Amino acid sequence: MRENKPISCHLCKRELTKIAVGLNKKLLGRNIIFFFCMDCLAEYLDTTTDILLEKAEDFKAQGCTLFI
Ligand SMILES: [Zn+2]
């Protein structure tokens, strides 16, 4: 069992939500070293947090285990 310590945003050090972690892995790849919070991820991907949340809902609807 791997230690389940909270992940912080690489840029602003804010603690990530489960959805944010899932989106990072889904959009940037499962082997990423750095994670971004919703705000920083949106900026990084040149999009908005609303669109990211919509994507998360889509992934969840598809049954993606990262979002359960
Ligand atoms: Zn951030």
# chains A, B, ... in the order shown; residues from 1 in each chain; ligands from 1
call {"tool": "residues_near_ligand", "arguments": {"ligand": "ligand 1", "cutoff": "12 Å", "atoms": "only C-alpha atoms and all ligand atoms", "output": "PyMOL selection string"}}
result
chain A and resi 7-17+20-21+24+34-44+49
call {"tool": "write_last_selection", "arguments": {"atoms": "N, CA and C atoms", "output": "PDB file, in the first residue's frame"}}
result
ATOM      1  N   ILE A   7      -1.065  15.852  -2.286  1.00  0.00           N
ATOM      2  CA  ILE A   7      -0.219  16.407  -3.340  1.00  0.00           C
ATOM      3  C   ILE A   7      -0.468  17.906  -3.413  1.00  0.00           C
ATOM      4  N   SER A   8       0.618  18.672  -3.514  1.00  0.00           N
ATOM      5  CA  SER A   8       0.476  20.119  -3.605  1.00  0.00           C
ATOM      6  C   SER A   8       0.795  20.603  -5.014  1.00  0.00           C
ATOM      7  N   CYS A   9       0.200  21.736  -5.359  1.00  0.00           N
ATOM      8  CA  CYS A   9       0.451  22.339  -6.661  1.00  0.00           C
ATOM      9  C   CYS A   9       1.927  22.733  -6.773  1.00  0.00           C
ATOM     10  N   HIS A  10       2.508  22.424  -7.933  1.00  0.00           N
ATOM     11  CA  HIS A  10       3.917  22.727  -8.171  1.00  0.00           C
ATOM     12  C   HIS A  10       4.172  24.241  -8.165  1.00  0.00           C
ATOM     13  N   LEU A  11       3.178  25.001  -8.545  1.00  0.00           N
ATOM     14  CA  LEU A  11       3.368  26.449  -8.673  1.00  0.00           C
ATOM     15  C   LEU A  11       2.948  27.225  -7.429  1.00  0.00           C
ATOM     16  N   CYS A  12       1.731  26.987  -6.943  1.00  0.00           N
ATOM     17  CA  CYS A  12       1.225  27.813  -5.838  1.00  0.00           C
ATOM     18  C   CYS A  12       1.157  27.069  -4.510  1.00  0.00           C
ATOM     19  N   LYS A  13       1.564  25.773  -4.522  1.00  0.00           N
ATOM     20  CA  LYS A  13       1.649  24.960  -3.293  1.00  0.00           C
ATOM     21  C   LYS A  13       0.304  24.694  -2.633  1.00  0.00           C
ATOM     22  N   ARG A  14      -0.777  25.011  -3.318  1.00  0.00           N
ATOM     23  CA  ARG A  14      -2.091  24.710  -2.782  1.00  0.00           C
ATOM     24  C   ARG A  14      -2.302  23.193  -2.820  1.00  0.00           C
ATOM     25  N   GLU A  15      -3.041  22.666  -1.864  1.00  0.00           N
ATOM     26  CA  GLU A  15      -3.299  21.233  -1.848  1.00  0.00           C
ATOM     27  C   GLU A  15      -4.310  20.866  -2.934  1.00  0.00           C
ATOM     28  N   LEU A  16      -4.022  19.791  -3.639  1.00  0.00           N
ATOM     29  CA  LEU A  16      -4.882  19.419  -4.759  1.00  0.00           C
ATOM     30  C   LEU A  16      -6.093  18.615  -4.319  1.00  0.00           C
ATOM     31  N   THR A  17      -7.208  18.831  -5.019  1.00  0.00           N
ATOM     32  CA  THR A  17      -8.380  18.001  -4.818  1.00  0.00           C
ATOM     33  C   THR A  17      -8.184  16.710  -5.601  1.00  0.00           C
ATOM     34  N   ALA A  20      -8.572  17.341  -9.240  1.00  0.00           N
ATOM     35  CA  ALA A  20      -7.411  17.990  -9.837  1.00  0.00           C
ATOM     36  C   ALA A  20      -6.308  16.968 -10.103  1.00  0.00           C
ATOM     37  N   VAL A  21      -6.092  16.070  -9.140  1.00  0.00           N
ATOM     38  CA  VAL A  21      -5.070  15.034  -9.324  1.00  0.00           C
ATOM     39  C   VAL A  21      -5.421  14.155 -10.522  1.00  0.00           C
ATOM     40  N   ASN A  24      -4.796  16.004 -13.788  1.00  0.00           N
ATOM     41  CA  ASN A  24      -3.358  16.072 -14.079  1.00  0.00           C
ATOM     42  C   ASN A  24      -2.891  14.787 -14.745  1.00  0.00           C
ATOM     43  N   PHE A  34       5.324  16.637 -11.563  1.00  0.00           N
ATOM     44  CA  PHE A  34       4.719  17.837 -10.989  1.00  0.00           C
ATOM     45  C   PHE A  34       3.225  17.842 -11.220  1.00  0.00           C
ATOM     46  N   PHE A  35       2.484  18.325 -10.220  1.00  0.00           N
ATOM     47  CA  PHE A  35       1.039  18.458 -10.340  1.00  0.00           C
ATOM     48  C   PHE A  35       0.650  19.926 -10.225  1.00  0.00           C
ATOM     49  N   PHE A  36      -0.420  20.271 -10.905  1.00  0.00           N
ATOM     50  CA  PHE A  36      -0.941  21.637 -10.847  1.00  0.00           C
ATOM     51  C   PHE A  36      -2.341  21.622 -10.253  1.00  0.00           C
ATOM     52  N   CYS A  37      -2.684  22.685  -9.508  1.00  0.00           N
ATOM     53  CA  CYS A  37      -4.056  22.822  -9.030  1.00  0.00           C
ATOM     54  C   CYS A  37      -4.934  23.225 -10.216  1.00  0.00           C
ATOM     55  N   MET A  38      -6.227  23.278 -10.017  1.00  0.00           N
ATOM     56  CA  MET A  38      -7.143  23.576 -11.121  1.00  0.00           C
ATOM     57  C   MET A  38      -6.798  24.898 -11.808  1.00  0.00           C
ATOM     58  N   ASP A  39      -6.526  25.921 -11.010  1.00  0.00           N
ATOM     59  CA  ASP A  39      -6.234  27.240 -11.579  1.00  0.00           C
ATOM     60  C   ASP A  39      -4.959  27.222 -12.408  1.00  0.00           C
ATOM     61  N   CYS A  40      -3.894  26.641 -11.850  1.00  0.00           N
ATOM     62  CA  CYS A  40      -2.612  26.615 -12.554  1.00  0.00           C
ATOM     63  C   CYS A  40      -2.667  25.672 -13.756  1.00  0.00           C
ATOM     64  N   LEU A  41      -3.421  24.580 -13.618  1.00  0.00           N
ATOM     65  CA  LEU A  41      -3.571  23.645 -14.732  1.00  0.00           C
ATOM     66  C   LEU A  41      -4.302  24.319 -15.891  1.00  0.00           C
ATOM     67  N   ALA A  42      -5.339  25.074 -15.561  1.00  0.00           N
ATOM     68  CA  ALA A  42      -6.092  25.782 -16.594  1.00  0.00           C
ATOM     69  C   ALA A  42      -5.185  26.766 -17.327  1.00  0.00           C
ATOM     70  N   GLU A  43      -4.363  27.472 -16.559  1.00  0.00           N
ATOM     71  CA  GLU A  43      -3.456  28.441 -17.177  1.00  0.00           C
ATOM     72  C   GLU A  43      -2.422  27.726 -18.046  1.00  0.00           C
ATOM     73  N   TYR A  44      -1.890  26.625 -17.503  1.00  0.00           N
ATOM     74  CA  TYR A  44      -0.872  25.845 -18.209  1.00  0.00           C
ATOM     75  C   TYR A  44      -1.403  25.323 -19.540  1.00  0.00           C
ATOM     76  N   THR A  49     -10.981  26.821 -15.738  1.00  0.00           N
ATOM     77  CA  THR A  49     -11.295  25.779 -14.761  1.00  0.00           C
ATOM     78  C   THR A  49     -12.670  25.176 -15.047  1.00  0.00           C
TER      79      THR A  49
END
call {"tool": "select_by_dssp", "arguments": {"residues": "chain A", "states": "alpha helix (DSSP H)", "output": "ChimeraX atom specification"}}
result
/A:18-28,38-44,49-61
